[in-house]
file run.cif (mmCIF, C-alpha atoms)
data_final
loop_
_atom_site.group_PDB
_atom_site.id
_atom_site.type_symbol
_atom_site.label_atom_id
_atom_site.label_comp_id
_atom_site.auth_asym_id
_atom_site.auth_seq_id
_atom_site.Cartn_x
_atom_site.Cartn_y
_atom_site.Cartn_z
ATOM 1 C CA MET A 296 55.767 83.669 103.193
ATOM 2 C CA PHE A 297 59.234 85.180 102.755
ATOM 3 C CA GLU A 298 60.068 82.492 100.225
ATOM 4 C CA ALA A 299 57.059 83.531 98.147
ATOM 5 C CA ILE A 300 57.990 87.221 98.343
ATOM 6 C CA ALA A 301 61.580 86.444 97.342
ATOM 7 C CA PHE A 302 60.450 84.194 94.504
ATOM 8 C CA TYR A 303 58.059 86.715 92.968
ATOM 9 C CA LEU A 304 60.476 89.614 93.393
ATOM 10 C CA PHE A 305 63.390 87.822 91.767
ATOM 11 C CA ALA A 306 61.179 86.293 89.076
ATOM 12 C CA PHE A 307 59.991 89.752 88.076
ATOM 13 C CA LEU A 308 63.517 91.165 88.127
ATOM 14 C CA THR A 309 64.974 88.263 86.111
ATOM 15 C CA ILE A 310 62.266 88.383 83.451
ATOM 16 C CA ALA A 311 62.620 92.166 83.153
ATOM 17 C CA MET A 312 66.402 91.949 82.794
ATOM 18 C CA PHE A 313 66.312 89.197 80.178
ATOM 19 C CA TYR A 314 63.561 91.014 78.291
ATOM 20 C CA ILE A 315 65.838 94.062 78.116
ATOM 21 C CA THR A 316 68.694 91.813 76.930
ATOM 22 C CA VAL A 317 66.652 90.408 74.062
ATOM 23 C CA THR A 318 64.928 93.598 72.909
ATOM 24 C CA THR A 319 67.465 96.398 73.269
ATOM 25 C CA SER A 320 69.453 97.522 70.255
ATOM 26 C CA GLN A 321 72.507 98.580 72.265
ATOM 27 C CA ALA A 322 74.910 95.707 72.882
ATOM 28 C CA LEU A 323 76.306 97.345 76.007
ATOM 29 C CA TYR A 324 72.863 97.577 77.629
ATOM 30 C CA ALA A 325 72.229 93.961 76.677
ATOM 31 C CA LEU A 326 75.494 92.876 78.307
ATOM 32 C CA THR A 327 74.762 94.785 81.519
ATOM 33 C CA ALA A 328 71.206 93.497 81.753
ATOM 34 C CA LEU A 329 72.414 89.948 81.132
ATOM 35 C CA ALA A 330 74.966 90.219 83.943
ATOM 36 C CA ALA A 331 72.288 91.529 86.316
ATOM 37 C CA GLY A 332 69.923 88.713 85.311
ATOM 38 C CA MET A 333 72.626 86.118 85.997
ATOM 39 C CA ILE A 334 73.068 87.463 89.527
ATOM 40 C CA PHE A 335 69.288 87.402 90.101
ATOM 41 C CA ILE A 336 69.206 83.781 88.901
ATOM 42 C CA SER A 337 71.748 82.861 91.556
ATOM 43 C CA ALA A 338 69.128 84.030 94.083
ATOM 44 C CA PHE A 339 66.846 81.202 92.928
ATOM 45 C CA PHE A 340 69.631 78.719 93.538
ATOM 46 C CA PHE A 341 70.063 80.047 97.072
ATOM 47 C CA ILE A 342 66.297 79.848 97.696
ATOM 48 C CA LEU A 343 66.312 76.241 96.453
ATOM 49 C CA GLY A 344 69.142 75.299 98.824
ATOM 50 C CA ALA A 345 71.693 74.776 96.047
ATOM 51 C CA ASP A 346 74.318 77.030 97.603
ATOM 52 C CA PHE A 347 77.188 75.647 95.556
ATOM 53 C CA LEU A 348 75.392 76.300 92.268
ATOM 54 C CA GLY A 349 74.570 79.835 93.365
ATOM 55 C CA ALA A 350 78.205 80.573 94.114
ATOM 56 C CA VAL A 351 79.311 78.979 90.837
ATOM 57 C CA GLN A 352 76.700 81.019 88.989
ATOM 58 C CA ILE A 353 78.073 84.266 90.381
ATOM 59 C CA VAL A 354 81.733 83.308 89.924
ATOM 60 C CA VAL A 355 81.530 81.701 86.478
ATOM 61 C CA TYR A 356 78.739 83.606 84.757
ATOM 62 C CA SER A 357 78.850 87.055 86.281
ATOM 63 C CA GLY A 358 82.616 86.919 86.656
ATOM 64 C CA ALA A 359 84.272 84.920 83.908
ATOM 65 C CA VAL A 360 81.718 84.757 81.095
ATOM 66 C CA MET A 361 80.658 88.388 81.342
ATOM 67 C CA ALA A 362 84.300 89.511 81.453
ATOM 68 C CA LEU A 363 84.924 87.443 78.315
ATOM 69 C CA TYR A 364 81.944 89.028 76.556
ATOM 70 C CA ALA A 365 83.028 92.506 77.636
ATOM 71 C CA PHE A 366 86.492 91.726 76.279
ATOM 72 C CA GLY A 367 85.029 90.428 73.025
ATOM 73 C CA MET A 368 82.878 93.518 72.596
ATOM 74 C CA MET A 369 86.038 95.600 72.271
ATOM 75 C CA PHE A 370 86.675 93.962 68.892
ATOM 76 C CA PHE A 371 83.302 94.614 67.349
ATOM 77 C CA ASP A 372 81.556 97.697 66.128
ATOM 78 C CA THR A 373 78.436 97.106 68.188
ATOM 79 C CA THR A 374 76.905 100.520 67.553
ATOM 80 C CA ARG A 375 76.309 99.706 63.905
ATOM 81 C CA GLU A 376 72.669 99.084 63.066
ATOM 82 C CA VAL A 377 71.844 95.573 61.903
ATOM 83 C CA LYS A 378 68.653 95.241 59.890
ATOM 84 C CA GLU A 379 66.132 92.957 61.541
ATOM 85 C CA LYS A 380 62.900 91.706 60.106
ATOM 86 C CA ASN A 381 59.850 91.681 62.354
ATOM 87 C CA GLY A 382 56.482 90.018 61.976
ATOM 88 C CA ASN A 383 57.669 86.714 60.595
ATOM 89 C CA LYS A 384 54.636 84.435 60.606
ATOM 90 C CA TYR A 385 56.667 81.225 60.857
ATOM 91 C CA LEU A 386 58.327 82.649 63.953
ATOM 92 C CA VAL A 387 55.007 83.363 65.650
ATOM 93 C CA THR A 388 53.616 79.933 64.742
ATOM 94 C CA GLY A 389 56.716 78.122 65.918
ATOM 95 C CA LEU A 390 56.909 79.999 69.201
ATOM 96 C CA ALA A 391 53.215 79.444 69.922
ATOM 97 C CA THR A 392 53.553 75.708 69.255
ATOM 98 C CA ILE A 393 56.659 75.356 71.396
ATOM 99 C CA SER A 394 55.179 77.282 74.337
ATOM 100 C CA ALA A 395 51.947 75.252 74.154
ATOM 101 C CA ILE A 396 53.931 72.000 74.284
ATOM 102 C CA LEU A 397 56.001 73.323 77.177
ATOM 103 C CA VAL A 398 52.948 74.364 79.211
ATOM 104 C CA VAL A 399 51.368 70.931 78.731
ATOM 105 C CA LEU A 400 54.641 69.296 79.803
ATOM 106 C CA ILE A 401 54.844 71.518 82.891
ATOM 107 C CA PHE A 402 51.436 70.532 84.187
ATOM 108 C CA ALA A 403 52.063 66.879 83.350
ATOM 109 C CA ALA A 404 55.484 66.787 85.008
ATOM 110 C CA PRO A 405 54.444 66.612 88.718
ATOM 111 C CA ILE A 406 51.824 63.941 87.913
ATOM 112 C CA VAL A 407 54.425 61.758 86.231
ATOM 113 C CA GLY A 408 56.992 62.711 88.843
ATOM 114 C CA ASP A 409 55.084 61.133 91.728
ATOM 115 C CA ASN A 410 56.652 57.795 90.858
ATOM 116 C CA ILE A 411 60.193 59.133 90.883
ATOM 117 C CA THR A 412 62.545 57.789 93.548
ATOM 118 C CA ALA A 413 65.730 59.700 94.232
ATOM 119 C CA LEU A 414 68.770 58.062 92.663
ATOM 120 C CA TYR A 415 71.250 60.003 94.796
ATOM 121 C CA PRO A 416 69.269 61.202 97.795
ATOM 122 C CA VAL A 417 70.364 64.112 99.940
ATOM 123 C CA THR A 418 72.862 63.002 102.592
ATOM 124 C CA GLU A 419 71.882 63.770 106.187
ATOM 125 C CA GLY A 420 74.108 66.113 108.141
ATOM 126 C CA ALA A 421 76.180 67.331 105.210
ATOM 127 C CA GLY A 422 76.288 70.753 103.605
ATOM 128 C CA ASN A 423 75.265 71.265 100.017
ATOM 129 C CA THR A 424 78.845 71.574 98.768
ATOM 130 C CA GLN A 425 79.848 68.410 100.606
ATOM 131 C CA GLU A 426 76.894 66.480 99.156
ATOM 132 C CA ILE A 427 77.774 67.618 95.650
ATOM 133 C CA GLY A 428 81.379 66.623 96.221
ATOM 134 C CA ILE A 429 80.360 63.154 97.361
ATOM 135 C CA VAL A 430 78.204 62.528 94.288
ATOM 136 C CA LEU A 431 80.564 64.274 91.870
ATOM 137 C CA PHE A 432 83.668 62.342 92.853
ATOM 138 C CA THR A 433 82.004 58.947 93.081
ATOM 139 C CA LYS A 434 79.243 58.601 90.478
ATOM 140 C CA TYR A 435 80.071 61.416 88.076
ATOM 141 C CA LEU A 436 83.879 61.328 88.076
ATOM 142 C CA VAL A 437 84.283 60.535 84.371
ATOM 143 C CA PRO A 438 81.869 63.263 83.171
ATOM 144 C CA PHE A 439 83.630 65.675 85.507
ATOM 145 C CA GLU A 440 87.017 64.872 83.978
ATOM 146 C CA LEU A 441 85.511 65.088 80.490
ATOM 147 C CA ALA A 442 84.182 68.561 81.312
ATOM 148 C CA ALA A 443 87.671 69.545 82.431
ATOM 149 C CA VAL A 444 89.187 68.240 79.171
ATOM 150 C CA MET A 445 86.511 70.060 77.188
ATOM 151 C CA LEU A 446 87.320 73.338 78.937
ATOM 152 C CA LEU A 447 91.003 72.802 78.067
ATOM 153 C CA VAL A 448 90.149 72.112 74.418
ATOM 154 C CA ALA A 449 87.940 75.199 74.323
ATOM 155 C CA MET A 450 90.724 77.328 75.788
ATOM 156 C CA VAL A 451 93.290 76.055 73.270
ATOM 157 C CA SER A 452 90.894 76.487 70.343
ATOM 158 C CA GLY A 453 90.004 80.001 71.474
ATOM 159 C CA ILE A 454 93.672 80.947 71.587
ATOM 160 C CA VAL A 455 94.369 79.331 68.189
ATOM 161 C CA LEU A 456 91.362 81.007 66.547
ATOM 162 C CA ALA A 457 91.845 84.484 67.962
ATOM 163 C CA GLY A 458 95.641 84.556 68.056
ATOM 164 C CA LYS A 459 96.747 84.489 64.434
ATOM 165 C CA LYS A 460 100.339 85.548 63.668
ATOM 166 C CA MET A 461 101.450 83.898 66.885
ATOM 167 C CA ASP A 462 104.610 82.578 65.153
ATOM 168 C CA LEU A 463 106.027 86.086 65.506
ATOM 169 C CA SER A 464 108.127 85.748 68.656
ATOM 170 C CA LEU A 465 109.783 88.828 70.096
ATOM 171 C CA THR A 466 112.039 86.736 72.332
ATOM 172 C CA LEU A 467 113.566 84.839 69.398
ATOM 173 C CA MET A 468 114.145 87.936 67.230
ATOM 174 C CA SER A 469 117.333 89.938 67.244
ATOM 175 C CA ASP A 470 117.299 93.610 68.233
ATOM 176 C CA ALA A 471 117.781 94.762 64.625
ATOM 177 C CA GLU A 472 114.708 92.825 63.469
ATOM 178 C CA ILE A 473 112.622 94.287 66.279
ATOM 179 C CA THR A 474 113.602 97.868 65.405
ATOM 180 C CA ASP A 475 112.798 97.164 61.739
ATOM 181 C CA MET A 476 109.376 95.869 62.714
ATOM 182 C CA LYS A 477 108.743 98.903 64.912
ATOM 183 C CA LYS A 478 109.605 101.212 62.016
ATOM 184 C CA GLU A 479 107.166 99.390 59.733
ATOM 185 C CA ILE A 480 104.394 99.599 62.318
ATOM 186 C CA ASN A 481 105.051 103.323 62.779
ATOM 187 C CA LYS A 482 104.870 103.822 59.015
ATOM 188 C CA LYS A 483 101.518 102.095 58.908
ATOM 189 C CA VAL A 484 100.166 104.178 61.776
ATOM 190 C CA LEU A 485 101.421 107.475 60.386
ATOM 191 C CA SER A 486 100.375 106.906 56.775
ATOM 192 C CA MET B 91 49.513 81.102 95.883
ATOM 193 C CA MET B 92 51.781 81.801 98.856
ATOM 194 C CA GLU B 93 53.229 78.307 98.839
ATOM 195 C CA ILE B 94 55.911 78.063 96.170
ATOM 196 C CA GLY B 95 55.841 74.686 94.465
ATOM 197 C CA LEU B 96 57.616 72.964 91.620
ATOM 198 C CA ASN B 97 55.160 74.346 89.077
ATOM 199 C CA HIS B 98 56.103 77.931 89.908
ATOM 200 C CA TYR B 99 59.715 77.284 89.047
ATOM 201 C CA LEU B 100 58.819 75.363 85.896
ATOM 202 C CA VAL B 101 56.585 78.211 84.698
ATOM 203 C CA LEU B 102 59.362 80.719 85.374
ATOM 204 C CA SER B 103 61.794 78.502 83.492
ATOM 205 C CA THR B 104 59.392 78.324 80.542
ATOM 206 C CA ILE B 105 58.983 82.098 80.431
ATOM 207 C CA LEU B 106 62.745 82.611 80.431
ATOM 208 C CA PHE B 107 63.146 79.888 77.789
ATOM 209 C CA ALA B 108 60.565 81.625 75.580
ATOM 210 C CA ILE B 109 62.391 84.953 75.975
ATOM 211 C CA GLY B 110 65.664 83.300 74.996
ATOM 212 C CA LEU B 111 64.007 81.570 72.040
ATOM 213 C CA ILE B 112 62.608 84.875 70.760
ATOM 214 C CA GLY B 113 66.111 86.298 71.019
ATOM 215 C CA VAL B 114 67.666 83.390 69.118
ATOM 216 C CA MET B 115 65.070 83.605 66.356
ATOM 217 C CA ARG B 116 64.871 87.370 65.963
ATOM 218 C CA ARG B 117 68.302 88.888 66.443
ATOM 219 C CA LYS B 118 70.673 89.225 63.512
ATOM 220 C CA ASN B 119 73.656 90.405 65.551
ATOM 221 C CA LEU B 120 75.717 87.347 66.426
ATOM 222 C CA LEU B 121 76.754 88.740 69.812
ATOM 223 C CA MET B 122 73.081 89.124 70.749
ATOM 224 C CA LEU B 123 72.522 85.547 69.608
ATOM 225 C CA PHE B 124 75.142 84.399 72.113
ATOM 226 C CA PHE B 125 73.423 86.396 74.875
ATOM 227 C CA ALA B 126 70.114 84.707 74.024
ATOM 228 C CA THR B 127 71.807 81.295 74.125
ATOM 229 C CA GLU B 128 73.028 82.067 77.629
ATOM 230 C CA ILE B 129 69.441 82.865 78.640
ATOM 231 C CA LEU B 130 68.293 79.494 77.278
ATOM 232 C CA LEU B 131 70.969 77.629 79.249
ATOM 233 C CA ASN B 132 70.163 79.521 82.439
ATOM 234 C CA SER B 133 66.433 78.823 82.211
ATOM 235 C CA VAL B 134 67.191 75.116 81.959
ATOM 236 C CA ASN B 135 69.482 75.408 84.984
ATOM 237 C CA ILE B 136 66.620 76.815 87.074
ATOM 238 C CA ALA B 137 64.427 73.867 86.112
ATOM 239 C CA PHE B 138 67.216 71.411 87.026
ATOM 240 C CA ALA B 139 67.795 73.007 90.431
ATOM 241 C CA ALA B 140 64.056 73.174 91.232
ATOM 242 C CA ILE B 141 63.446 69.519 90.361
ATOM 243 C CA SER B 142 66.544 68.560 92.344
ATOM 244 C CA HIS B 143 65.159 70.439 95.366
ATOM 245 C CA TYR B 144 61.598 69.120 95.228
ATOM 246 C CA TYR B 145 62.533 65.465 94.698
ATOM 247 C CA GLY B 146 65.504 65.483 97.088
ATOM 248 C CA ASP B 147 67.817 64.215 94.366
ATOM 249 C CA LEU B 148 71.236 65.669 93.662
ATOM 250 C CA THR B 149 71.401 64.634 89.990
ATOM 251 C CA GLY B 150 69.726 67.863 88.880
ATOM 252 C CA GLN B 151 72.372 69.970 90.542
ATOM 253 C CA MET B 152 75.081 67.836 88.918
ATOM 254 C CA PHE B 153 73.603 68.448 85.478
ATOM 255 C CA ALA B 154 73.253 72.179 86.119
ATOM 256 C CA PHE B 155 76.935 72.195 87.069
ATOM 257 C CA PHE B 156 77.882 70.482 83.801
ATOM 258 C CA VAL B 157 75.678 72.871 81.818
ATOM 259 C CA ILE B 158 77.566 75.813 83.336
ATOM 260 C CA ALA B 159 80.918 74.220 82.406
ATOM 261 C CA ILE B 160 79.822 73.573 78.814
ATOM 262 C CA ALA B 161 78.430 77.109 78.509
ATOM 263 C CA ALA B 162 81.775 78.544 79.587
ATOM 264 C CA SER B 163 83.643 76.560 76.925
ATOM 265 C CA GLU B 164 81.016 77.522 74.332
ATOM 266 C CA VAL B 165 81.682 81.191 75.027
ATOM 267 C CA ALA B 166 85.437 80.730 74.573
ATOM 268 C CA VAL B 167 85.124 78.963 71.197
ATOM 269 C CA GLY B 168 82.274 81.176 69.970
ATOM 270 C CA LEU B 169 84.074 84.419 70.723
ATOM 271 C CA GLY B 170 87.225 83.082 69.035
ATOM 272 C CA LEU B 171 85.219 82.328 65.884
ATOM 273 C CA LEU B 172 83.564 85.733 66.105
ATOM 274 C CA VAL B 173 86.916 87.523 66.321
ATOM 275 C CA VAL B 174 88.201 85.651 63.251
ATOM 276 C CA TRP B 175 85.034 86.431 61.280
ATOM 277 C CA HIS B 176 85.187 90.089 62.249
ATOM 278 C CA LYS B 177 88.855 90.291 61.183
ATOM 279 C CA ARG B 178 88.063 88.925 57.721
ATOM 280 C CA HIS B 179 84.700 90.483 56.910
ATOM 281 C CA ASN B 180 84.480 93.473 59.246
ATOM 282 C CA ASN B 181 80.955 92.648 60.439
ATOM 283 C CA ILE B 182 79.167 90.190 62.713
ATOM 284 C CA ASP B 183 75.896 90.188 60.808
ATOM 285 C CA LEU B 184 74.211 86.785 60.659
ATOM 286 C CA ASP B 185 72.818 87.358 57.153
ATOM 287 C CA SER B 186 76.318 87.808 55.755
ATOM 288 C CA MET B 187 77.410 84.393 57.005
ATOM 289 C CA SER B 188 76.377 82.246 54.072
ATOM 290 C CA THR B 189 79.754 81.127 52.747
ATOM 291 C CA MET B 190 79.013 77.478 53.531
ATOM 292 C CA ARG B 191 75.723 77.552 51.622
ATOM 293 C CA GLY B 192 75.636 74.932 48.865
#
call {"tool": "encode", "arguments": {"input": "run.cif", "output": "structure tokens"}}
result
Amino acid sequence: MFEAIAFYLFAFLTIAMFYITVTTSQALYALTALAAGMIFISAFFFILGADFLGAVQIVVYSGAVMALYAFGMMFFDTTREVKEKNGNKYLVTGLATISAILVVLIFAAPIVGDNITALYPVTEGAGNTQEIGIVLFTKYLVPFELAAVMLLVAMVSGIVLAGKKMDLSLTLMSDAEITDMKKEINKKVLS
Amino acid sequence: MMEIGLNHYLVLSTILFAIGLIGVMRRKNLLMLFFATEILLNSVNIAFAAISHYYGDLTGQMFAFFVIAIAASEVAVGLGLLVVWHKRHNNIDLDSMSTMRG
């Protein structure tokens, strides 16, 4: 009973928030609605008993990713209007086809899924985080390490891409050079 | 209707996926395109978690965890590219990005 109420409430809220994200023309509204939708999605994880995923969803998405987007939005002129074409007939056809295929797959999935046996069944007497730890550090150790390496590569590439002119080091410059540079910057600002 | 089954979650996931797909296809602002991509990834995560719950298998939760990690790295690289593009061309309009066209 309460599960059904929670499901329908959060489903409505999530769909509304993501609809706002996709349709609004203001990037700031889109960002805020996206952050709210991410938090509502974590509710589904808690309903489904995946407590660890729910916590990760809040920490990573609503915390880290949204902060990164908010930081990135400072660089861009998001208030500028971008022309968008509507009523593309290929778009409508493609979307209709894809959703039809997806609906068929959805109603076929439980029929096919009756034969599925759990590869890594839920451990008795362990919390969700402990279960995930057991599977993650035995069967999925290599993918886990690869994900860590990929995050490192992404961090380095983000710094390299966004941080041009990084060879300019204030610690290695003499005081005279720094004052010269300050004068040039002031000239640029004042002119 | 009051009993929530696997199909409910799959239908919800499909609706969210369709919303994200509309966003990816329609928007011309690259920042909005990234937002729509996040919606796509999240809808798939819901499906993973639901299937993991209803079949008593932890693999779905593992994959959702990896999807979240990959999405985080995607945001870092994508925003770096976006900053570089905005520095050079002073816009983030998708239609202007045709320099690699043959």
call {"tool": "residues_around", "arguments": {"input": "run.cif", "residues": "range 180-192 of chain B", "least_positions_apart": "6", "cutoff": "6 Å", "atoms": "only C-alpha atoms", "output": "JSON, numbers by chain"}}
result
{"B": [118, 119, 120]}
call {"tool": "resolve_selection", "arguments": {"input": "run.cif", "expression": "the PyMOL selection byres ((chain A) within 7 of (chain B))", "output": "list in words"}}
result
Met296, Ala299, Ala306, Ile310, Tyr314, Val317, Phe340, Leu343, Leu348, Val360, Gly367, Phe370, Val377, Glu379, Leu397, Ile401, Ala413, Leu414, Tyr415, Pro416, Val417, Ala442, Leu446, Ala449, Met450, Ser452, Gly453, Leu456 and Ala457 of chain A
call {"tool": "write_last_selection", "arguments": {"input": "run.cif", "atoms": "C-alpha atoms", "output": "PDB file, in the coordinates of the input"}}
result
ATOM      1  CA  MET A 296      55.767  83.669 103.193  1.00  0.00           C
ATOM      2  CA  ALA A 299      57.059  83.531  98.147  1.00  0.00           C
ATOM      3  CA  ALA A 306      61.179  86.293  89.076  1.00  0.00           C
ATOM      4  CA  ILE A 310      62.266  88.383  83.451  1.00  0.00           C
ATOM      5  CA  TYR A 314      63.561  91.014  78.291  1.00  0.00           C
ATOM      6  CA  VAL A 317      66.652  90.408  74.062  1.00  0.00           C
ATOM      7  CA  PHE A 340      69.631  78.719  93.538  1.00  0.00           C
ATOM      8  CA  LEU A 343      66.312  76.241  96.453  1.00  0.00           C
ATOM      9  CA  LEU A 348      75.392  76.300  92.268  1.00  0.00           C
ATOM     10  CA  VAL A 360      81.718  84.757  81.095  1.00  0.00           C
ATOM     11  CA  GLY A 367      85.029  90.428  73.025  1.00  0.00           C
ATOM     12  CA  PHE A 370      86.675  93.962  68.892  1.00  0.00           C
ATOM     13  CA  VAL A 377      71.844  95.573  61.903  1.00  0.00           C
ATOM     14  CA  GLU A 379      66.132  92.957  61.541  1.00  0.00           C
ATOM     15  CA  LEU A 397      56.001  73.323  77.177  1.00  0.00           C
ATOM     16  CA  ILE A 401      54.844  71.518  82.891  1.00  0.00           C
ATOM     17  CA  ALA A 413      65.730  59.700  94.232  1.00  0.00           C
ATOM     18  CA  LEU A 414      68.770  58.062  92.663  1.00  0.00           C
ATOM     19  CA  TYR A 415      71.250  60.003  94.796  1.00  0.00           C
ATOM     20  CA  PRO A 416      69.269  61.202  97.795  1.00  0.00           C
ATOM     21  CA  VAL A 417      70.364  64.112  99.940  1.00  0.00           C
ATOM     22  CA  ALA A 442      84.182  68.561  81.312  1.00  0.00           C
ATOM     23  CA  LEU A 446      87.320  73.338  78.937  1.00  0.00           C
ATOM     24  CA  ALA A 449      87.940  75.199  74.323  1.00  0.00           C
ATOM     25  CA  MET A 450      90.724  77.328  75.788  1.00  0.00           C
ATOM     26  CA  SER A 452      90.894  76.487  70.343  1.00  0.00           C
ATOM     27  CA  GLY A 453      90.004  80.001  71.474  1.00  0.00           C
ATOM     28  CA  LEU A 456      91.362  81.007  66.547  1.00  0.00           C
ATOM     29  CA  ALA A 457      91.845  84.484  67.962  1.00  0.00           C
TER      30      ALA A 457
END
call {"tool": "atom_distance", "arguments": {"input": "run.cif", "atom1": "CA of Leu308 in chain A", "atom2": "CA of Gly332 in chain A"}}
result
7.4 Å
call {"tool": "atom_distance", "arguments": {"input": "run.cif", "atom1": "CA of Gln321 in chain A", "atom2": "CA of Tyr356 in chain A"}}
result
20.5 Å
call {"tool": "residues_near_point", "arguments": {"input": "run.cif", "point": "(69.5, 82.2, 93.0)", "cutoff": "10 Å", "atoms": "only C-alpha atoms", "output": "ChimeraX atom specification"}}
result
/A:301-302,305,333-346,348-350,352-353 /B:136,139
call {"tool": "atom_distance", "arguments": {"input": "run.cif", "atom1": "CA of Val444 in chain A", "atom2": "CA of Phe347 in chain A"}}
result
21.6 Å
call {"tool": "closest_residue", "arguments": {"input": "run.cif", "among": "A:Met312, A:Leu326, A:Ala471, A:Val398", "to": "Phe366 in chain A", "atoms": "all atoms listed in the file"}}
result
A:Leu326
